[in-house]
>>> print(open('model.cif').read())   # mmCIF, C-alpha atoms and all ligand atoms
data_work
#
loop_
_atom_site.group_PDB
_atom_site.id
_atom_site.type_symbol
_atom_site.label_atom_id
_atom_site.label_comp_id
_atom_site.auth_asym_id
_atom_site.auth_seq_id
_atom_site.Cartn_x
_atom_site.Cartn_y
_atom_site.Cartn_z
ATOM 1 C CA MET A 1 -6.894 108.615 0.098
ATOM 2 C CA ASN A 2 -9.260 106.997 -2.383
ATOM 3 C CA VAL A 3 -12.663 108.656 -2.061
ATOM 4 C CA LYS A 4 -14.350 107.080 -5.069
ATOM 5 C CA LYS A 5 -13.136 103.608 -5.919
ATOM 6 C CA ARG A 6 -13.142 102.177 -9.421
ATOM 7 C CA THR A 7 -15.617 99.461 -10.360
ATOM 8 C CA PRO A 8 -15.693 97.569 -13.667
ATOM 9 C CA PRO A 9 -17.034 99.974 -16.322
ATOM 10 C CA ILE A 10 -20.641 99.299 -17.327
ATOM 11 C CA LYS A 11 -19.655 99.051 -21.004
ATOM 12 C CA LEU A 12 -17.281 96.188 -20.188
ATOM 13 C CA LEU A 13 -20.009 94.352 -18.213
ATOM 14 C CA GLN A 14 -22.537 94.987 -20.984
ATOM 15 C CA THR A 15 -20.184 93.650 -23.650
ATOM 16 C CA GLU A 16 -19.546 90.535 -21.553
ATOM 17 C CA ALA A 17 -23.303 89.951 -21.114
ATOM 18 C CA LEU A 18 -23.862 90.556 -24.823
ATOM 19 C CA LEU A 19 -21.299 87.914 -25.826
ATOM 20 C CA GLN A 20 -23.040 85.433 -23.495
ATOM 21 C CA ARG A 21 -26.423 86.018 -25.126
ATOM 22 C CA LEU A 22 -25.690 86.904 -28.742
ATOM 23 C CA THR A 23 -27.447 84.470 -31.039
ATOM 24 C CA PRO A 24 -26.721 82.637 -33.292
ATOM 25 C CA PRO A 25 -23.237 81.746 -31.949
ATOM 26 C CA ASN A 26 -21.694 82.617 -35.337
ATOM 27 C CA HIS A 27 -23.436 86.021 -35.491
ATOM 28 C CA PRO A 28 -21.625 88.279 -38.024
ATOM 29 C CA LYS A 29 -21.141 90.991 -35.351
ATOM 30 C CA ARG A 30 -19.442 88.600 -32.898
ATOM 31 C CA PRO A 31 -15.795 89.145 -34.017
ATOM 32 C CA LEU A 32 -16.157 92.934 -33.662
ATOM 33 C CA ILE A 33 -17.823 92.637 -30.220
ATOM 34 C CA GLU A 34 -15.124 90.204 -29.063
ATOM 35 C CA LYS A 35 -12.421 92.629 -30.216
ATOM 36 C CA ASP A 36 -14.102 95.498 -28.342
ATOM 37 C CA PHE A 37 -14.438 93.295 -25.264
ATOM 38 C CA ARG A 38 -10.682 92.583 -25.236
ATOM 39 C CA LYS A 39 -9.938 96.300 -25.725
ATOM 40 C CA ARG A 40 -12.273 97.322 -22.867
ATOM 41 C CA LYS A 41 -10.847 94.651 -20.582
ATOM 42 C CA ALA A 42 -7.273 95.797 -21.265
ATOM 43 C CA GLY A 43 -8.365 99.418 -20.724
ATOM 44 C CA TYR A 44 -9.804 98.521 -17.321
ATOM 45 C CA GLN A 45 -6.603 96.660 -16.373
ATOM 46 C CA GLY A 46 -4.640 99.783 -17.365
ATOM 47 C CA GLU A 47 -6.848 101.973 -15.181
ATOM 48 C CA LYS A 48 -6.279 99.616 -12.259
ATOM 49 C CA THR A 49 -2.509 99.949 -12.804
ATOM 50 C CA VAL A 50 -2.848 103.711 -12.339
ATOM 51 C CA ASP A 51 -5.013 103.153 -9.233
ATOM 52 C CA TYR A 52 -2.192 101.038 -7.825
ATOM 53 C CA HIS A 53 0.366 103.832 -8.328
ATOM 54 C CA VAL A 54 -1.846 106.506 -6.763
ATOM 55 C CA SER A 55 -2.748 104.203 -3.867
ATOM 56 C CA PHE A 56 0.574 105.230 -2.273
ATOM 57 C CA LEU A 57 -0.880 108.709 -1.687
ATOM 58 C CA THR A 58 -2.422 107.862 1.662
ATOM 59 C CA ASP A 59 -2.243 111.343 3.200
ATOM 60 C CA LYS A 60 -5.637 112.923 3.937
ATOM 61 C CA LYS A 61 -4.746 115.991 1.858
ATOM 62 C CA TYR A 62 -5.115 113.853 -1.286
ATOM 63 C CA MET A 63 -8.610 112.948 -2.410
ATOM 64 C CA ILE A 64 -8.622 110.484 -5.301
ATOM 65 C CA PHE A 65 -11.718 110.005 -7.461
ATOM 66 C CA SER A 66 -11.628 107.177 -9.990
ATOM 67 C CA ASP A 67 -13.897 107.307 -13.024
ATOM 68 C CA LEU A 68 -16.077 110.375 -12.504
ATOM 69 C CA ARG A 69 -18.811 111.480 -14.890
ATOM 70 C CA LEU A 70 -20.034 114.983 -14.232
ATOM 71 C CA PRO A 71 -22.856 116.963 -15.798
ATOM 72 C CA LEU A 72 -21.810 119.947 -17.878
ATOM 73 C CA ALA A 73 -24.355 121.459 -20.269
ATOM 74 C CA PRO A 74 -25.247 120.263 -22.838
ATOM 75 C CA ASP A 75 -23.859 116.865 -21.824
ATOM 76 C CA HIS A 76 -21.385 115.277 -19.402
ATOM 77 C CA PHE A 77 -17.667 114.887 -19.166
ATOM 78 C CA GLN A 78 -15.774 111.901 -17.890
ATOM 79 C CA ILE A 79 -12.526 111.848 -15.905
ATOM 80 C CA ASP A 80 -10.392 108.689 -15.652
ATOM 81 C CA CYS A 81 -8.775 109.787 -12.371
ATOM 82 C CA LEU A 82 -8.974 113.063 -10.461
ATOM 83 C CA LEU A 83 -6.727 114.088 -7.599
ATOM 84 C CA VAL A 84 -7.997 116.978 -5.500
ATOM 85 C CA THR A 85 -5.629 118.573 -2.983
ATOM 86 C CA PRO A 86 -6.035 121.807 -0.971
ATOM 87 C CA CYS A 87 -3.621 123.618 -3.339
ATOM 88 C CA TYR A 88 -4.332 122.199 -6.815
ATOM 89 C CA SER A 89 -6.279 119.561 -8.739
ATOM 90 C CA LEU A 90 -4.770 117.036 -11.106
ATOM 91 C CA LEU A 91 -6.537 115.263 -13.971
ATOM 92 C CA ILE A 92 -5.040 111.950 -15.032
ATOM 93 C CA GLU A 93 -6.018 110.727 -18.467
ATOM 94 C CA ILE A 94 -5.192 107.001 -18.706
ATOM 95 C CA LYS A 95 -4.017 105.408 -21.959
ATOM 96 C CA ASN A 96 -3.505 101.729 -22.490
ATOM 97 C CA ILE A 97 -1.783 101.548 -25.870
ATOM 98 C CA ALA A 98 0.896 98.949 -26.587
ATOM 99 C CA GLY A 99 3.927 99.195 -28.857
ATOM 100 C CA THR A 100 6.009 102.206 -29.880
ATOM 101 C CA LEU A 101 4.164 105.511 -29.719
ATOM 102 C CA THR A 102 5.363 108.607 -31.550
ATOM 103 C CA ILE A 103 3.845 111.986 -30.825
ATOM 104 C CA ASP A 104 3.892 114.578 -33.566
ATOM 105 C CA PRO A 105 3.129 118.071 -32.155
ATOM 106 C CA GLU A 106 2.966 119.570 -35.662
ATOM 107 C CA PHE A 107 0.091 117.375 -36.832
ATOM 108 C CA ASN A 108 -1.270 116.800 -33.303
ATOM 109 C CA GLN A 109 -1.315 113.090 -33.773
ATOM 110 C CA LEU A 110 -0.131 110.043 -31.931
ATOM 111 C CA SER A 111 0.962 107.086 -34.011
ATOM 112 C CA GLN A 112 1.201 103.601 -32.655
ATOM 113 C CA TYR A 113 3.503 101.034 -34.207
ATOM 114 C CA TYR A 114 2.592 97.590 -32.978
ATOM 115 C CA LYS A 115 3.121 94.124 -34.491
ATOM 116 C CA GLY A 116 3.973 95.641 -37.860
ATOM 117 C CA VAL A 117 0.816 97.796 -38.048
ATOM 118 C CA GLU A 118 0.682 101.586 -37.770
ATOM 119 C CA THR A 119 -2.439 103.150 -36.208
ATOM 120 C CA GLY A 120 -3.219 106.829 -35.654
ATOM 121 C CA TYR A 121 -4.797 108.353 -32.525
ATOM 122 C CA PRO A 122 -5.752 111.933 -31.650
ATOM 123 C CA ASP A 123 -3.179 113.963 -29.696
ATOM 124 C CA PRO A 124 -3.885 113.061 -26.017
ATOM 125 C CA ILE A 125 -2.560 116.452 -24.863
ATOM 126 C CA ILE A 126 -5.341 118.224 -26.759
ATOM 127 C CA GLN A 127 -7.860 115.830 -25.233
ATOM 128 C CA ALA A 128 -6.525 116.451 -21.694
ATOM 129 C CA THR A 129 -6.492 120.229 -22.244
ATOM 130 C CA ARG A 130 -10.179 120.018 -23.130
ATOM 131 C CA GLN A 131 -10.830 118.084 -19.905
ATOM 132 C CA LYS A 132 -9.029 120.833 -17.974
ATOM 133 C CA ILE A 133 -11.352 123.479 -19.486
ATOM 134 C CA PHE A 134 -14.396 121.356 -18.576
ATOM 135 C CA LEU A 135 -13.194 121.009 -14.991
ATOM 136 C CA GLN A 136 -12.552 124.767 -14.720
ATOM 137 C CA LYS A 137 -16.131 125.341 -15.931
ATOM 138 C CA TRP A 138 -17.380 122.831 -13.374
ATOM 139 C CA PHE A 139 -15.705 124.744 -10.509
ATOM 140 C CA PHE A 140 -17.098 127.999 -11.900
ATOM 141 C CA ASN A 141 -20.659 126.635 -12.284
ATOM 142 C CA ASN A 142 -20.581 125.375 -8.703
ATOM 143 C CA LYS A 143 -19.436 128.783 -7.441
ATOM 144 C CA LEU A 144 -16.199 127.364 -6.087
ATOM 145 C CA PRO A 145 -12.818 129.064 -6.206
ATOM 146 C CA CYS A 146 -11.016 127.468 -9.147
ATOM 147 C CA PRO A 147 -7.719 125.887 -8.069
ATOM 148 C CA PRO A 148 -4.753 125.546 -10.435
ATOM 149 C CA ILE A 149 -5.678 122.559 -12.624
ATOM 150 C CA GLU A 150 -2.881 120.388 -13.952
ATOM 151 C CA PHE A 151 -3.088 117.258 -16.068
ATOM 152 C CA LEU A 152 -1.054 114.186 -16.923
ATOM 153 C CA VAL A 153 -1.487 111.616 -19.665
ATOM 154 C CA ALA A 154 -0.405 108.347 -18.061
ATOM 155 C CA PHE A 155 0.492 105.346 -20.207
ATOM 156 C CA SER A 156 -0.389 102.294 -18.152
ATOM 157 C CA ASN A 157 1.517 99.603 -20.056
ATOM 158 C CA PRO A 158 5.154 99.723 -18.804
ATOM 159 C CA ALA A 159 6.332 98.085 -22.058
ATOM 160 C CA THR A 160 5.016 100.978 -24.198
ATOM 161 C CA ILE A 161 7.814 103.043 -25.768
ATOM 162 C CA LEU A 162 7.148 106.790 -25.912
ATOM 163 C CA LYS A 163 8.945 108.904 -28.530
ATOM 164 C CA MET A 164 8.780 112.416 -29.924
ATOM 165 C CA ALA A 165 8.613 112.716 -33.752
ATOM 166 C CA PRO A 166 12.038 113.437 -35.332
ATOM 167 C CA GLY A 167 13.066 117.084 -34.927
ATOM 168 C CA HIS A 168 10.909 117.618 -31.810
ATOM 169 C CA LYS A 169 12.047 117.862 -28.220
ATOM 170 C CA ARG A 170 9.969 116.754 -25.214
ATOM 171 C CA ILE A 171 9.041 120.273 -24.153
ATOM 172 C CA PRO A 172 5.832 121.438 -22.381
ATOM 173 C CA PRO A 173 3.044 120.445 -22.717
ATOM 174 C CA TYR A 174 4.436 117.127 -24.045
ATOM 175 C CA ASP A 175 6.333 116.525 -20.801
ATOM 176 C CA LYS A 176 2.897 115.700 -19.349
ATOM 177 C CA MET A 177 2.908 112.396 -21.248
ATOM 178 C CA ILE A 178 4.435 109.936 -18.808
ATOM 179 C CA HIS A 179 4.586 106.302 -17.811
ATOM 180 C CA ALA A 180 2.151 105.510 -15.005
ATOM 181 C CA GLN A 181 4.946 104.523 -12.603
ATOM 182 C CA ASN A 182 6.159 108.170 -12.635
ATOM 183 C CA ILE A 183 2.844 109.641 -11.429
ATOM 184 C CA VAL A 184 3.900 109.933 -7.787
ATOM 185 C CA SER A 185 7.166 111.749 -8.606
ATOM 186 C CA GLU A 186 5.226 114.187 -10.844
ATOM 187 C CA ILE A 187 2.860 114.810 -7.932
ATOM 188 C CA SER A 188 5.724 115.698 -5.593
ATOM 189 C CA LYS A 189 6.858 118.293 -8.152
ATOM 190 C CA LEU A 190 3.340 119.774 -8.134
ATOM 191 C CA ASN A 191 3.360 119.842 -4.323
ATOM 192 C CA ASN A 192 6.465 122.043 -4.457
ATOM 193 C CA ARG A 193 4.966 124.308 -7.128
ATOM 194 C CA PHE A 194 1.568 124.943 -5.533
ATOM 195 C CA THR A 195 1.537 125.833 -1.854
ATOM 196 C CA ARG A 196 -1.386 128.232 -1.464
ATOM 197 C CA GLU A 197 -4.551 126.539 -0.115
ATOM 198 C CA VAL A 198 -7.623 127.343 -2.233
ATOM 199 C CA THR A 199 -9.845 124.274 -2.102
ATOM 200 C CA ASP A 200 -12.362 123.322 0.558
ATOM 201 C CA LEU A 201 -11.862 119.544 0.337
ATOM 202 C CA LYS A 202 -15.072 118.610 2.188
ATOM 203 C CA LYS A 203 -17.262 120.756 -0.032
ATOM 204 C CA VAL A 204 -15.651 119.605 -3.293
ATOM 205 C CA LYS A 205 -15.906 115.973 -2.202
ATOM 206 C CA ARG A 206 -19.602 116.325 -1.434
ATOM 207 C CA LEU A 207 -20.359 118.016 -4.759
ATOM 208 C CA LEU A 208 -18.328 115.588 -6.855
ATOM 209 C CA LEU A 209 -19.892 112.509 -5.259
ATOM 210 C CA ASN A 210 -23.417 113.955 -5.452
ATOM 211 C CA GLN A 211 -23.118 114.976 -9.068
ATOM 212 C CA HIS A 212 -21.439 111.833 -10.375
ATOM 213 C CA GLN A 213 -23.786 110.150 -12.856
ATOM 214 C CA PRO A 214 -22.834 106.657 -14.030
ATOM 215 C CA PRO A 215 -23.436 106.236 -17.748
ATOM 216 C CA TYR A 216 -26.010 103.857 -19.207
ATOM 217 C CA PRO A 217 -24.890 103.183 -22.782
ATOM 218 C CA LYS A 218 -27.418 101.527 -25.106
ATOM 219 C CA ILE A 219 -25.246 98.599 -26.046
ATOM 220 C CA LEU A 220 -27.660 96.983 -28.513
ATOM 221 C CA SER A 221 -27.951 100.103 -30.658
ATOM 222 C CA THR A 222 -24.154 100.591 -30.456
ATOM 223 C CA TYR A 223 -23.889 97.437 -32.558
ATOM 224 C CA GLN A 224 -27.172 97.961 -34.476
ATOM 225 C CA LEU A 225 -28.670 94.926 -32.754
ATOM 226 C CA THR A 226 -32.182 94.308 -31.401
ATOM 227 C CA GLU A 227 -33.629 92.024 -28.735
ATOM 228 C CA ALA A 228 -34.112 89.444 -31.487
ATOM 229 C CA ASP A 229 -30.310 88.974 -31.553
ATOM 230 C CA LEU A 230 -30.340 87.811 -27.915
ATOM 231 C CA THR A 231 -30.955 84.389 -26.400
ATOM 232 C CA LYS A 232 -33.665 84.737 -23.759
ATOM 233 C CA GLY A 233 -34.105 82.570 -20.687
ATOM 234 C CA VAL A 234 -32.055 81.594 -17.656
ATOM 235 C CA GLN A 235 -28.659 80.302 -18.753
ATOM 236 C CA CYS A 236 -26.970 77.396 -16.976
ATOM 237 C CA GLU A 237 -23.833 78.624 -15.211
ATOM 238 C CA ARG A 238 -22.032 75.404 -16.154
ATOM 239 C CA CYS A 239 -22.908 74.896 -19.829
ATOM 240 C CA SER A 240 -24.897 78.036 -20.868
ATOM 241 C CA HIS A 241 -27.906 75.900 -21.928
ATOM 242 C CA ILE A 242 -31.330 77.395 -21.155
ATOM 243 C CA MET A 243 -32.698 76.090 -17.851
ATOM 244 C CA ILE A 244 -36.272 75.191 -16.925
ATOM 245 C CA ARG A 245 -38.170 76.082 -13.741
ATOM 246 C CA LYS A 246 -39.152 73.075 -11.586
ATOM 247 C CA ILE A 247 -40.681 73.459 -8.125
ATOM 248 C CA GLY A 248 -38.824 76.585 -7.152
ATOM 249 C CA THR A 249 -35.547 75.479 -8.737
ATOM 250 C CA TRP A 250 -33.838 75.909 -12.095
ATOM 251 C CA LEU A 251 -32.875 72.670 -13.834
ATOM 252 C CA CYS A 252 -30.507 72.378 -16.789
ATOM 253 C CA PRO A 253 -31.885 69.758 -19.215
ATOM 254 C CA ASN A 254 -28.414 69.458 -20.767
ATOM 255 C CA CYS A 255 -26.039 68.889 -17.819
ATOM 256 C CA HIS A 256 -28.684 68.365 -15.061
ATOM 257 C CA HIS A 257 -27.227 71.168 -12.951
ATOM 258 C CA LEU A 258 -29.655 72.516 -10.328
ATOM 259 C CA SER A 259 -29.701 76.106 -9.095
ATOM 260 C CA ARG A 260 -31.993 78.211 -6.923
ATOM 261 C CA THR A 261 -30.376 81.502 -7.923
ATOM 262 C CA ALA A 262 -29.573 81.192 -11.654
ATOM 263 C CA HIS A 263 -32.209 83.857 -12.478
ATOM 264 C CA VAL A 264 -30.155 86.567 -10.704
ATOM 265 C CA LYS A 265 -27.560 86.587 -13.496
ATOM 266 C CA ALA A 266 -30.307 86.576 -16.151
ATOM 267 C CA ILE A 267 -31.991 89.639 -14.626
ATOM 268 C CA GLU A 268 -28.604 91.382 -14.436
ATOM 269 C CA ASP A 269 -28.173 90.645 -18.143
ATOM 270 C CA TYR A 270 -31.584 92.195 -18.802
ATOM 271 C CA PHE A 271 -30.554 95.380 -16.971
ATOM 272 C CA PHE A 272 -27.267 95.544 -18.860
ATOM 273 C CA LEU A 273 -28.626 94.789 -22.308
ATOM 274 C CA ILE A 274 -32.205 96.006 -22.553
ATOM 275 C CA GLU A 275 -33.102 98.672 -19.998
ATOM 276 C CA PRO A 276 -32.384 99.531 -16.355
ATOM 277 C CA THR A 277 -36.003 98.833 -15.282
ATOM 278 C CA ILE A 278 -38.219 95.740 -15.519
ATOM 279 C CA THR A 279 -41.882 94.816 -15.024
ATOM 280 C CA ASN A 280 -43.487 91.499 -14.119
ATOM 281 C CA GLN A 281 -44.562 90.983 -17.741
ATOM 282 C CA LYS A 282 -41.119 91.744 -19.150
ATOM 283 C CA LEU A 283 -39.471 89.468 -16.586
ATOM 284 C CA ARG A 284 -41.756 86.583 -17.552
ATOM 285 C CA ASP A 285 -40.981 87.138 -21.201
ATOM 286 C CA PHE A 286 -37.203 87.332 -20.653
ATOM 287 C CA LEU A 287 -36.955 84.374 -18.251
ATOM 288 C CA HIS A 288 -39.513 82.207 -20.125
ATOM 289 C CA LEU A 289 -41.767 82.035 -17.072
ATOM 290 C CA SER A 290 -45.484 81.384 -17.427
ATOM 291 C CA SER A 291 -46.525 82.228 -13.861
ATOM 292 C CA ALA A 292 -46.986 85.866 -12.830
ATOM 293 C CA LYS A 293 -46.911 84.680 -9.207
ATOM 294 C CA THR A 294 -43.428 83.135 -9.587
ATOM 295 C CA ALA A 295 -42.232 86.278 -11.384
ATOM 296 C CA ALA A 296 -43.573 88.415 -8.514
ATOM 297 C CA GLU A 297 -41.805 86.204 -5.951
ATOM 298 C CA ILE A 298 -38.532 86.486 -7.843
ATOM 299 C CA LEU A 299 -38.841 90.282 -8.113
ATOM 300 C CA LYS A 300 -39.653 90.534 -4.408
ATOM 301 C CA SER A 301 -36.562 88.523 -3.494
ATOM 302 C CA LEU A 302 -34.191 90.950 -5.248
ATOM 303 C CA PRO A 303 -32.912 94.274 -3.882
ATOM 304 C CA LEU A 304 -34.845 96.404 -6.412
ATOM 305 C CA THR A 305 -36.649 99.709 -6.008
ATOM 306 C CA LYS A 306 -40.406 99.516 -6.644
ATOM 307 C CA SER A 307 -42.481 102.279 -8.207
ATOM 308 C CA GLY A 308 -45.966 102.556 -9.765
ATOM 309 C CA SER A 309 -49.258 100.804 -9.064
ATOM 310 C CA THR A 310 -49.873 97.050 -8.706
ATOM 311 C CA LYS A 311 -50.336 96.180 -12.363
ATOM 312 C CA GLY A 312 -47.769 98.482 -13.831
ATOM 313 C CA THR A 313 -45.156 98.195 -11.053
ATOM 314 C CA ILE A 314 -41.705 99.067 -12.313
ATOM 315 C CA TYR A 315 -38.620 97.594 -10.671
ATOM 316 C CA THR A 316 -35.332 99.483 -10.848
ATOM 317 C CA LYS A 317 -31.861 98.284 -9.973
HETATM 318 ZN ZN ZN A 401 -25.995 72.974 -17.916
#
>>> encode(input="model.cif", output="structure tokens")
Amino acid sequence: MNVKKRTPPIKLLQTEALLQRLTPPNHPKRPLIEKDFRKRKAGYQGEKTVDYHVSFLTDKKYMIFSDLRLPLAPDHFQIDCLLVTPCYSLLIEIKNIAGTLTIDPEFNQLSQYYKGVETGYPDPIIQATRQKIFLQKWFFNNKLPCPPIEFLVAFSNPATILKMAPGHKRIPPYDKMIHAQNIVSEISKLNNRFTREVTDLKKVKRLLLNQHQPPYPKILSTYQLTEADLTKGVQCERCSHIMIRKIGTWLCPNCHHLSRTAHVKAIEDYFFLIEPTITNQKLRDFLHLSSAKTAAEILKSLPLTKSGSTKGTIYTK
């Protein structure tokens, strides 16, 4: 049973918005941002592949949480997929890496061979073991009995070839590296291994959902960009040209497209790229609006949370 469904990761949405607004069109950072965008998109597709495989676990004793981010001093930790059952919990770390992958337990490294290029990655088993320790601490901090915590590293691309380095056998913990389509059979093995009920599902569900904190990465500073690298204004949904406001409507001077709602996307872009709150003044500046009254009407029409006094009212998504 899926308790927390996956939505597109904010970093993917931010990167998409950034590519739409990055100026000039031949900005030197564009190739890097486009490459990251493709990587993040493929990563999200891979995560959805895993969601598909776990969607067969419809029994109420399985609680599936996709993409959790939990507080743990001094920071947070993020889980790609968590399965909570009455008898054990299972962390699934999702990897979307194409090509032939060789794991070397001696050097704790994963090497990818793809299209004639070799690339190194950290040992995913070490990464997943760290996640397991974080989750144990989380149970402890919340004064909950800690269930047995297992983990799997699931490779979402079925064409990926997994290999052990020469001279090494696939022995534990490396047997936890699997293709995503084998997740369900691994889970039935765990069901046979763990039969003692230790987890109060209702309580754990409530705590996990309450404590989940979506990230808000500062995408501009990630790429050492500033607001000056962004095109401001309401972009035409047909040709991306900047539109002008005419009697309650947006008009594209390039393709003559008319829209009453084109500002919604622009305000979303502002929230993704600049900050998660906006004021009347900042909205006018970003949308190229001269009238505070129009800006107020637009803000009122959107499902935003208001705080602060009249002049300094802050609107939050
Ligand atoms: Zn247009």
>>> resolve_selection(input="model.cif", expression="the PyMOL selection byres (((chain A and resi 299) around 10) and not hetatm)", output="PDB file with C-alpha atoms, in the coordinates of the input")
ATOM      1  CA  VAL A 264     -30.155  86.567 -10.704  1.00  0.00           C
ATOM      2  CA  ILE A 267     -31.991  89.639 -14.626  1.00  0.00           C
ATOM      3  CA  ILE A 278     -38.219  95.740 -15.519  1.00  0.00           C
ATOM      4  CA  THR A 279     -41.882  94.816 -15.024  1.00  0.00           C
ATOM      5  CA  ASN A 280     -43.487  91.499 -14.119  1.00  0.00           C
ATOM      6  CA  LEU A 283     -39.471  89.468 -16.586  1.00  0.00           C
ATOM      7  CA  LYS A 293     -46.911  84.680  -9.207  1.00  0.00           C
ATOM      8  CA  THR A 294     -43.428  83.135  -9.587  1.00  0.00           C
ATOM      9  CA  ALA A 295     -42.232  86.278 -11.384  1.00  0.00           C
ATOM     10  CA  ALA A 296     -43.573  88.415  -8.514  1.00  0.00           C
ATOM     11  CA  GLU A 297     -41.805  86.204  -5.951  1.00  0.00           C
ATOM     12  CA  ILE A 298     -38.532  86.486  -7.843  1.00  0.00           C
ATOM     13  CA  LYS A 300     -39.653  90.534  -4.408  1.00  0.00           C
ATOM     14  CA  SER A 301     -36.562  88.523  -3.494  1.00  0.00           C
ATOM     15  CA  LEU A 302     -34.191  90.950  -5.248  1.00  0.00           C
ATOM     16  CA  PRO A 303     -32.912  94.274  -3.882  1.00  0.00           C
ATOM     17  CA  LEU A 304     -34.845  96.404  -6.412  1.00  0.00           C
ATOM     18  CA  THR A 305     -36.649  99.709  -6.008  1.00  0.00           C
ATOM     19  CA  LYS A 306     -40.406  99.516  -6.644  1.00  0.00           C
ATOM     20  CA  TYR A 315     -38.620  97.594 -10.671  1.00  0.00           C
TER      21      TYR A 315
END
>>> closest_residue(input="model.cif", among="A:Ser185, A:Asn26, A:Asn254, A:Gln78", to="ligand ZN 401 (chain A)", atoms="all atoms listed in the file")
A:Asn254
>>> residues_near_ligand(input="model.cif", ligand="ligand ZN 401 (chain A)", cutoff="6 Å", atoms="only C-alpha atoms and all ligand atoms", output="MDAnalysis selection string")
chainID A and resid 236 238:241 252 254:255 257
>>> resolve_selection(input="model.cif", expression="the PyMOL selection byres (((chain A and resi 86) around 10) and not hetatm)", output="list in words")
Lys61, Tyr62, Met63, Val84, Thr85, Cys87, Tyr88, Ser89, Pro147, Phe194, Thr195, Arg196, Glu197, Val198, Thr199, Asp200 and Leu201 of chain A
>>> atom_distance(input="model.cif", atom1="atom CA of A:Val3", atom2="atom CA of A:Ser66")
8.1 Å
>>> residues_around(input="model.cif", residues="stretch 118-130 of chain A", least_positions_apart="6", cutoff="9 Å", atoms="all atoms listed in the file", output="PyMOL selection string")
chain A and resi 91-93+95+103-105+107-112+151-153+173-174+176-177
>>> write_last_selection(input="model.cif", atoms="C-alpha atoms", output="JSON list (two decimals), in the coordinates of the input")
[["chain", "number", "residue", "atom", "x", "y", "z"],
["A", 91, "LEU", "CA", -6.54, 115.26, -13.97],
["A", 92, "ILE", "CA", -5.04, 111.95, -15.03],
["A", 93, "GLU", "CA", -6.02, 110.73, -18.47],
["A", 95, "LYS", "CA", -4.02, 105.41, -21.96],
["A", 103, "ILE", "CA", 3.84, 111.99, -30.82],
["A", 104, "ASP", "CA", 3.89, 114.58, -33.57],
["A", 105, "PRO", "CA", 3.13, 118.07, -32.16],
["A", 107, "PHE", "CA", 0.09, 117.38, -36.83],
["A", 108, "ASN", "CA", -1.27, 116.80, -33.30],
["A", 109, "GLN", "CA", -1.32, 113.09, -33.77],
["A", 110, "LEU", "CA", -0.13, 110.04, -31.93],
["A", 111, "SER", "CA", 0.96, 107.09, -34.01],
["A", 112, "GLN", "CA", 1.20, 103.60, -32.66],
["A", 151, "PHE", "CA", -3.09, 117.26, -16.07],
["A", 152, "LEU", "CA", -1.05, 114.19, -16.92],
["A", 153, "VAL", "CA", -1.49, 111.62, -19.66],
["A", 173, "PRO", "CA", 3.04, 120.44, -22.72],
["A", 174, "TYR", "CA", 4.44, 117.13, -24.04],
["A", 176, "LYS", "CA", 2.90, 115.70, -19.35],
["A", 177, "MET", "CA", 2.91, 112.40, -21.25]]
>>> atom_distance(input="model.cif", atom1="atom CA of A:Thr58", atom2="atom CA of A:Asn2")
8.0 Å
>>> closest_residue(input="model.cif", among="A:Lys132, A:Lys169, A:His53, A:Arg206", to="A:Glu106", atoms="all atoms listed in the file")
A:Lys169
>>> atom_distance(input="model.cif", atom1="atom CA of A:Glu150", atom2="atom CA of A:Asn96")
20.5 Å
>>> closest_residue(input="model.cif", among="A:Ile247, A:Leu273, A:Leu287, A:Ala159", to="A:Lys218", atoms="all atoms listed in the file")
A:Leu273
>>> residues_around(input="model.cif", residues="A:Ile10", least_positions_apart="2", cutoff="9 Å", atoms="all atoms listed in the file", output="number ranges by chain")
A: 7-8, 12-15, 214-217, 272
>>> write_last_selection(input="model.cif", atoms="C-alpha atoms", output="PDB file, in the frame of the given file")
ATOM      1  CA  THR A   7     -15.617  99.461 -10.360  1.00  0.00           C
ATOM      2  CA  PRO A   8     -15.693  97.569 -13.667  1.00  0.00           C
ATOM      3  CA  LEU A  12     -17.281  96.188 -20.188  1.00  0.00           C
ATOM      4  CA  LEU A  13     -20.009  94.352 -18.213  1.00  0.00           C
ATOM      5  CA  GLN A  14     -22.537  94.987 -20.984  1.00  0.00           C
ATOM      6  CA  THR A  15     -20.184  93.650 -23.650  1.00  0.00           C
ATOM      7  CA  PRO A 214     -22.834 106.657 -14.030  1.00  0.00           C
ATOM      8  CA  PRO A 215     -23.436 106.236 -17.748  1.00  0.00           C
ATOM      9  CA  TYR A 216     -26.010 103.857 -19.207  1.00  0.00           C
ATOM     10  CA  PRO A 217     -24.890 103.183 -22.782  1.00  0.00           C
ATOM     11  CA  PHE A 272     -27.267  95.544 -18.860  1.00  0.00           C
TER      12      PHE A 272
END
>>> closest_residue(input="model.cif", among="A:Ile64, A:Val204, A:Leu190, A:Ile219", to="A:Lys11", atoms="only C-alpha atoms")
A:Ile219
>>> axis_aligned_box(input="model.cif", around="stretch 15-24 of chain A", padding_each_side="5 Å", output="AutoDock Vina command-line options")
--center_x -23.5 --center_y 88.1 --center_z -27.2 --size_x 17.9 --size_y 21.0 --size_z 22.2
>>> closest_residue(input="model.cif", among="A:His168, A:His212, A:Lys189, A:Lys203", to="A:His76", atoms="only C-alpha atoms")
A:His212
>>> closest_residue(input="model.cif", among="A:Leu162, A:Leu207, A:Val117, A:Leu225", to="A:Lys143", atoms="all atoms listed in the file")
A:Leu207
>>> residues_around(input="model.cif", residues="A:Ile274", least_positions_apart="2", cutoff="8 Å", atoms="all atoms listed in the file", output="mmCIF file with C-alpha atoms, in the frame of the given file")
data_model
loop_
_atom_site.group_PDB
_atom_site.id
_atom_site.type_symbol
_atom_site.label_atom_id
_atom_site.label_comp_id
_atom_site.auth_asym_id
_atom_site.auth_seq_id
_atom_site.Cartn_x
_atom_site.Cartn_y
_atom_site.Cartn_z
ATOM 1 C CA LYS A 218 -27.418 101.527 -25.106
ATOM 2 C CA LEU A 220 -27.660 96.983 -28.513
ATOM 3 C CA GLU A 227 -33.629 92.024 -28.735
ATOM 4 C CA TYR A 270 -31.584 92.195 -18.802
ATOM 5 C CA PHE A 271 -30.554 95.380 -16.971
ATOM 6 C CA PHE A 272 -27.267 95.544 -18.860
ATOM 7 C CA PRO A 276 -32.384 99.531 -16.355
#
